[in-house]
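Inspection log for the structure reproduced underneath, given as structure tokens.
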Amino acid sequence: MNQSVSRTIALNQLGYITDAEKLAVFRGEGREFRVVEEESGAVVFTGRTDSPKQDLPSGASVHTGDFSAVTAPGSYRIESEDGAVSAVFCITDKPYHNLQQGLLKAFYFYRCGVELSEAYAGPWAHKACHTGTGTVYGQPELKLDSCGGWHDAGDYGKYSGPGAKAVADLLLAYELYPSAFAAPIPIPESGTGMPDVLLECKVELDWLFKMQEAGTGGVYHKLTTLSFPGLDVMPEDDTAELYFSPVSATATGNFAGVMALAARIYRPFDPVYAGRCLEAAVQAWSWLEGHPEAGGFTNPPEISTGEYPDGEVRDERYWAAAELLRTTGEDKYHQAVLGLVKLPFPKYELGWGDMGGYGSLAYLLNGEVRADADTFASLKAGLLAEADRLLMQSGEDGYRISLREEDYIWGSNMVVLNRAMTLLAAEHLSGDERYAACALDHLHYLLGRNVLDISYVTGFGDRPVMHPHHRPSVGDGVAEPVPGLVAGGPDRGLHDEYVAQHLQGRPAAACFADHEDSYSTNEVTIYWNSPAVFVAARFNR
Ligand code: G3I
Ligand code: 9MR
Ligand code: ZN
């Protein structure tokens, strides 16, 4: 990495697929540019950028340089007449293979309750953490096994709903693009009879079982200490008491959805496990049926860790019903879907609190023959209309992504990646490859084709995030952060003290600080990694 050269040429720092469109975005004046072969210095292409565009989210005047004509596999950089030099990038058939492996390996690094051995974790090895019991909030005598799963993020909390989103993205990626998951990651369980992605998801599912309240089927919202530990505390040194927060409807709905999905995916590999998943999903569903009025979760007064508040609880029920329908074929779930689908909550959003898109996708993937014809047609048309809107917005954007200024919120990279997933779902259902091309543009943004010329994935690209708000990366004394982690990205709300002090007045897409104190822009989470795996897998199949 060379910080001293002028870096006004932004591109995907990992590179481009041999026969795909290849665009770089130039800030400032339009100019002539050349593509140079890295080793030999040979100029393999010369071009001129197109006419300028004033890009609102980034506040920059940008030009696009098209070098799609370069198709010989190799390592290149772009230079322009004003002396600007881009990152070195590759042209190859599978430029995102290592990325996908790294994004998946990140889940291993997020594991809780086990030692990360040097054999698998290298310099980021650490001792087992959070191996004890947790206390059920409000029942000081009730201590339950709480071990396992993945830490949520830069903190060590484990939150049921966000965990379910992460697993759902990975299982859906495997369902749609199984050939992309052929290679071992590897993880300690590799080679024991199922693809690594399913072995890794089992880590979280095994923990989620422990979040289900015995007897009622309801699911505890989260398992955390009362407050966040210091930023340099390693997981094994975070020894404060853990608490199960009360059962919530959102956690229970997401649990039912992901367990029903898992029952289907694991069935060919381990029918007994699949049966356990389905049984747990059915129990969660009966809790939902028995609690029709249950609302959103709020933190108990003593607990100040992540709240994941979400007052709209009907989308979680919708997702649960649609997955249970798809897995069991039972009419009662179909009736539930048909009742819920009429209600006015978003049907195509994907997020830790927006499960409507997962519900619609489950219903559509279940197939037209098993569907109510009108509902199927309207959901399919709605999804394609949403994808068309994203296409249109991306065409208007200087960096060719669908985000508008107001979309640069906390975790904007999840918005980027969830929208890429939506586009890929549209491709899957329509066969229209324009949606995939637009999804790929979103991946290019993540990997450097953005106004900051930064790769938002640690360890990947010429200029990656180096200082994520991630406790192990801060506390371990290793210079390089844990690799394969997706940072939250620009947040125009300037929601932490660091950015509030340093980034006032910046355009939305530049409201990002690669600083460990900036939890609102530079934290990492499992559910920002998971849609990235989905998107990368599409281009690795
Ligand atoms: O949805 C609104 C949108 O309508 C509005 O225009 C926009 C303006 O800011 O805000 C949007 O809401 C934001 C919401 O995320 C959207 O998902 C809130 O401002 C924003 O504060 C909120 O941030 C969440 C953050 O916790 C604070 O609650 C993040 O999504 C969520 O990922 C993050 O999660 C934390 C956990 O609590 C703890 N563990 C780490 C994790 C990541 O930082
Ligand atoms: O480290 C915490 C991070 O994981 C959360 O996402 C974030 C928002 O809830 O909060 C971080 O903790 C900060 C706390 O909220 C305020 N004081 C500084 C803490 C970070 O060191
Ligand atoms: Zn832990």
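The chains in the structure tokens are called A, B, ... from first to last as shown; in each chain the residues are counted from 1, and the ligands are counted from 1 in the order shown.
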Practice item. List all protein, DNA and RNA residues that have an atom no more than 9 Å from any atom of ligand 1, counting only C-alpha atoms and all ligand atoms, and report them as a count of residues only. Key: 45
Point to revise | Members of segment 331-505 of chain A assigned strand (DSSP E or B) by DSSP, as a list in words | key: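 Assigned to strand (DSSP E or B), within segment 331-505 of chain A: Ser455, Val457, Pro464, His469, Val486 and Ala487 of chain A.
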Exercise for review: Using only C-alpha atoms, find the one residue out of A:Thr298, A:Gly382, A:Ala262, A:Pro184 that sits nearest to Lys105 of chain A.
Suggested key: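 Closest to Lys105 of chain A of all the choices is A:Pro184.
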Practice item. Tell me which protein, DNA and RNA residues are within 10 Å of segment 36-51 of chain A, counting only C-alpha atoms, leaving out same-chain ones fewer than 5 positions away, and put them as a list of chain:residue names. Key: A:Leu23, A:Ala24, A:Val25, A:Phe26, A:Glu29, A:Gly30, A:Arg31, A:Ser61, A:Val62, A:His63, A:Thr64, A:Gly65, A:Asp66, A:Phe67, A:Ser68, A:Ala69, A:Val70, A:Ala72, A:Gly74, A:Ser75, A:Tyr76, A:Arg77, A:Ile78, A:Glu79, A:Ser80, A:Val88, A:Phe89, A:Cys90
Exercise for review: Tell me, as a PyMOL selection string, which residues lie within 9 Å of Asp55 of chain A, counting only C-alpha atoms; anything in the same chain fewer than 5 positions away does not count.
Suggested key: chain A and resi 60-62+396-399
Review point. Counting only C-alpha atoms, what is within 10 Å of Gly484 of chain A, bar same-chain residues fewer than 4 positions away, as a VMD selection string?
Key: chain A and resid 98 to 107 109 456 to 460 524 529
Can you list every residue of chain A that has an atom at most 8 Å from ligand 3, with its nearest atom pair and the distance in Å to one decimal, using only C-alpha atoms and all ligand atoms, ordered by chain then number, as a tab-separated table?
residue	atom	partner	partner_atom_place_in_ligand_line	distance
A:Arg111	CA	ligand 3	1 (Zn)	6.8
A:Cys112	CA	ligand 3	1 (Zn)	3.6
A:Gly113	CA	ligand 3	1 (Zn)	5.2
A:Val114	CA	ligand 3	1 (Zn)	7.8
A:Ala128	CA	ligand 3	1 (Zn)	7.2
A:Cys129	CA	ligand 3	1 (Zn)	4.3
A:His130	CA	ligand 3	1 (Zn)	4.4
A:Thr131	CA	ligand 3	1 (Zn)	7.4
A:Cys147	CA	ligand 3	1 (Zn)	7.9
A:Gly148	CA	ligand 3	1 (Zn)	7.4
A:Trp150	CA	ligand 3	1 (Zn)	7.4
A:His151	CA	ligand 3	1 (Zn)	6.1
A:Tyr156	CA	ligand 3	1 (Zn)	5.9
A:Gly157	CA	ligand 3	1 (Zn)	8.0
A:Pro235	CA	ligand 3	1 (Zn)	5.3
A:Glu236	CA	ligand 3	1 (Zn)	6.8
A:Asp238	CA	ligand 3	1 (Zn)	8.0
With N, CA, C and O atoms kept, could you save the residues just selected as an mmCIF file, in the first residue's frame?
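After the write, out-v9.cif holds the following:
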data_model
loop_
_atom_site.group_PDB
_atom_site.id
_atom_site.type_symbol
_atom_site.label_atom_id
_atom_site.label_comp_id
_atom_site.auth_asym_id
_atom_site.auth_seq_id
_atom_site.Cartn_x
_atom_site.Cartn_y
_atom_site.Cartn_z
ATOM 1 N N ARG A 111 -16.312 -17.232 16.859
ATOM 2 C CA ARG A 111 -16.812 -18.285 17.760
ATOM 3 C C ARG A 111 -16.586 -17.946 19.226
ATOM 4 O O ARG A 111 -15.540 -17.416 19.594
ATOM 5 N N CYS A 112 -17.547 -18.363 20.011
ATOM 6 C CA CYS A 112 -17.521 -18.140 21.462
ATOM 7 C C CYS A 112 -17.529 -19.491 22.160
ATOM 8 O O CYS A 112 -18.128 -20.450 21.667
ATOM 9 N N GLY A 113 -16.867 -19.560 23.310
ATOM 10 C CA GLY A 113 -16.963 -20.775 24.121
ATOM 11 C C GLY A 113 -15.943 -21.832 23.787
ATOM 12 O O GLY A 113 -15.881 -22.867 24.446
ATOM 13 N N VAL A 114 -15.146 -21.599 22.761
ATOM 14 C CA VAL A 114 -14.104 -22.564 22.406
ATOM 15 C C VAL A 114 -12.782 -21.828 22.234
ATOM 16 O O VAL A 114 -12.754 -20.627 21.928
ATOM 17 N N ALA A 128 -10.439 -20.181 25.299
ATOM 18 C CA ALA A 128 -11.909 -20.272 25.309
ATOM 19 C C ALA A 128 -12.491 -19.153 26.172
ATOM 20 O O ALA A 128 -11.922 -18.772 27.191
ATOM 21 N N CYS A 129 -13.635 -18.633 25.738
ATOM 22 C CA CYS A 129 -14.276 -17.524 26.444
ATOM 23 C C CYS A 129 -15.714 -17.886 26.801
ATOM 24 O O CYS A 129 -16.294 -18.790 26.192
ATOM 25 N N HIS A 130 -16.290 -17.176 27.750
ATOM 26 C CA HIS A 130 -17.725 -17.264 28.041
ATOM 27 C C HIS A 130 -18.219 -18.707 28.124
ATOM 28 O O HIS A 130 -19.195 -19.074 27.468
ATOM 29 N N THR A 131 -17.508 -19.511 28.920
ATOM 30 C CA THR A 131 -17.846 -20.936 28.991
ATOM 31 C C THR A 131 -18.831 -21.253 30.115
ATOM 32 O O THR A 131 -19.312 -22.375 30.213
ATOM 33 N N CYS A 147 -23.223 -21.505 26.627
ATOM 34 C CA CYS A 147 -21.955 -21.573 25.905
ATOM 35 C C CYS A 147 -22.149 -21.761 24.393
ATOM 36 O O CYS A 147 -23.076 -22.431 23.964
ATOM 37 N N GLY A 148 -21.251 -21.190 23.606
ATOM 38 C CA GLY A 148 -21.221 -21.464 22.173
ATOM 39 C C GLY A 148 -21.679 -20.307 21.316
ATOM 40 O O GLY A 148 -21.825 -19.174 21.774
ATOM 41 N N TRP A 150 -21.660 -17.548 18.047
ATOM 42 C CA TRP A 150 -20.741 -16.506 17.577
ATOM 43 C C TRP A 150 -20.984 -15.239 18.378
ATOM 44 O O TRP A 150 -22.135 -14.888 18.657
ATOM 45 N N HIS A 151 -19.899 -14.522 18.695
ATOM 46 C CA HIS A 151 -20.082 -13.159 19.194
ATOM 47 C C HIS A 151 -20.791 -12.372 18.092
ATOM 48 O O HIS A 151 -20.616 -12.650 16.909
ATOM 49 N N TYR A 156 -19.040 -8.682 22.768
ATOM 50 C CA TYR A 156 -19.136 -10.131 22.962
ATOM 51 C C TYR A 156 -20.557 -10.597 23.254
ATOM 52 O O TYR A 156 -20.774 -11.720 23.689
ATOM 53 N N GLY A 157 -21.517 -9.710 23.021
ATOM 54 C CA GLY A 157 -22.904 -10.111 23.209
ATOM 55 C C GLY A 157 -23.285 -11.148 22.166
ATOM 56 O O GLY A 157 -22.660 -11.266 21.108
ATOM 57 N N PRO A 235 -11.703 -11.772 24.705
ATOM 58 C CA PRO A 235 -12.926 -12.503 25.067
ATOM 59 C C PRO A 235 -12.773 -13.326 26.345
ATOM 60 O O PRO A 235 -13.670 -13.337 27.192
ATOM 61 N N GLU A 236 -11.637 -13.990 26.490
ATOM 62 C CA GLU A 236 -11.464 -14.854 27.669
ATOM 63 C C GLU A 236 -11.317 -14.055 28.960
ATOM 64 O O GLU A 236 -11.426 -14.600 30.054
ATOM 65 N N ASP A 238 -13.219 -11.404 29.557
ATOM 66 C CA ASP A 238 -14.526 -10.782 29.807
ATOM 67 C C ASP A 238 -15.323 -11.754 30.675
ATOM 68 O O ASP A 238 -16.061 -12.595 30.176
#
**Study point:** alpha helix (DSSP H) call set, DSSP backbone run, segment 59-208 of chain A, as an MDAnalysis selection string
**Key:** chainID A and resid 97:109 118:121 160:176 196:208
Store the residues of this selection in a file with C-alpha atoms, as a CSV table (one decimal), in the first residue's frame.
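Okay, part30.csv is ready:
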chain,number,residue,atom,x,y,z
A,97,HIS,CA,-12.8,-17.0,-4.2
A,98,ASN,CA,-10.3,-16.1,-1.4
A,99,LEU,CA,-12.7,-13.3,-0.4
A,100,GLN,CA,-15.5,-15.7,0.1
A,101,GLN,CA,-13.3,-18.1,2.1
A,102,GLY,CA,-12.1,-15.2,4.3
A,103,LEU,CA,-15.6,-13.9,4.8
A,104,LEU,CA,-16.7,-17.4,5.9
A,105,LYS,CA,-13.6,-17.9,8.1
A,106,ALA,CA,-14.6,-14.8,9.9
A,107,PHE,CA,-17.4,-16.8,11.5
A,108,TYR,CA,-14.8,-19.1,13.0
A,109,PHE,CA,-13.0,-16.1,14.4
A,118,GLU,CA,-3.1,-21.4,16.4
A,119,ALA,CA,-3.6,-24.1,13.7
A,120,TYR,CA,-6.8,-22.4,12.6
A,121,ALA,CA,-6.5,-18.9,13.9
A,160,SER,CA,-30.8,-14.2,18.9
A,161,GLY,CA,-32.4,-12.2,16.1
A,162,PRO,CA,-29.2,-10.9,14.5
A,163,GLY,CA,-27.7,-14.4,14.8
A,164,ALA,CA,-30.7,-15.8,12.9
A,165,LYS,CA,-30.3,-13.3,10.1
A,166,ALA,CA,-26.6,-14.3,9.8
A,167,VAL,CA,-27.4,-18.0,9.6
A,168,ALA,CA,-30.2,-17.4,7.2
A,169,ASP,CA,-28.0,-15.5,4.7
A,170,LEU,CA,-25.4,-18.3,4.8
A,171,LEU,CA,-27.9,-21.1,4.4
A,172,LEU,CA,-29.7,-19.3,1.5
A,173,ALA,CA,-26.3,-18.7,-0.1
A,174,TYR,CA,-25.6,-22.4,0.1
A,175,GLU,CA,-29.1,-23.2,-1.2
A,176,LEU,CA,-28.9,-21.0,-4.2
A,196,ASP,CA,-18.0,-26.3,5.9
A,197,VAL,CA,-20.6,-23.5,5.6
A,198,LEU,CA,-23.2,-25.9,7.2
A,199,LEU,CA,-20.7,-27.0,9.9
A,200,GLU,CA,-20.0,-23.4,10.8
A,201,CYS,CA,-23.7,-22.5,10.9
A,202,LYS,CA,-24.3,-25.4,13.2
A,203,VAL,CA,-22.1,-23.6,15.7
A,204,GLU,CA,-24.7,-20.8,15.9
A,205,LEU,CA,-27.7,-23.1,15.6
A,206,ASP,CA,-26.4,-25.2,18.5
A,207,TRP,CA,-26.2,-22.1,20.6
A,208,LEU,CA,-29.6,-20.8,19.5
Point to revise | Shortest interatomic distance to ligand 2 - which of A:Thr135, A:Thr224, A:Gln13, A:Thr422, counting only C-alpha atoms and all ligand atoms | key: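 Looking at the shortest contact to ligand 2, the residue is A:Thr224.
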Point to revise | Who sits within 12 Å of Arg267 of chain A, only C-alpha atoms, same chain under 3 positions skipped, as a ChimeraX atom specification | key: /A:194,198,259-264,270-278,327
Limited to C-alpha atoms, could you put the picked residues into a file as an mmCIF file, in the first residue's frame?
data_model
loop_
_atom_site.group_PDB
_atom_site.id
_atom_site.type_symbol
_atom_site.label_atom_id
_atom_site.label_comp_id
_atom_site.auth_asym_id
_atom_site.auth_seq_id
_atom_site.Cartn_x
_atom_site.Cartn_y
_atom_site.Cartn_z
ATOM 1 C CA MET A 194 -21.112 -31.759 5.334
ATOM 2 C CA LEU A 198 -23.160 -25.894 7.216
ATOM 3 C CA MET A 259 -34.799 -23.227 12.472
ATOM 4 C CA ALA A 260 -37.419 -24.159 9.865
ATOM 5 C CA LEU A 261 -34.983 -23.137 7.131
ATOM 6 C CA ALA A 262 -32.200 -25.144 8.771
ATOM 7 C CA ALA A 263 -34.445 -28.211 9.060
ATOM 8 C CA ARG A 264 -34.725 -28.222 5.282
ATOM 9 C CA ASP A 270 -28.334 -35.241 9.200
ATOM 10 C CA PRO A 271 -32.061 -36.010 9.432
ATOM 11 C CA VAL A 272 -31.951 -36.275 13.210
ATOM 12 C CA TYR A 273 -30.520 -32.782 13.541
ATOM 13 C CA ALA A 274 -33.019 -31.506 10.986
ATOM 14 C CA GLY A 275 -35.825 -32.986 13.065
ATOM 15 C CA ARG A 276 -34.572 -31.177 16.149
ATOM 16 C CA CYS A 277 -34.494 -27.898 14.243
ATOM 17 C CA LEU A 278 -38.050 -28.369 13.015
ATOM 18 C CA THR A 327 -40.465 -27.063 5.199
#
Point to revise | Closest of A:Val233, A:Val282, A:Leu384, A:Ala249 to ligand 2 - atom-to-atom distances counting only C-alpha atoms and all ligand atoms | key: A:Val233
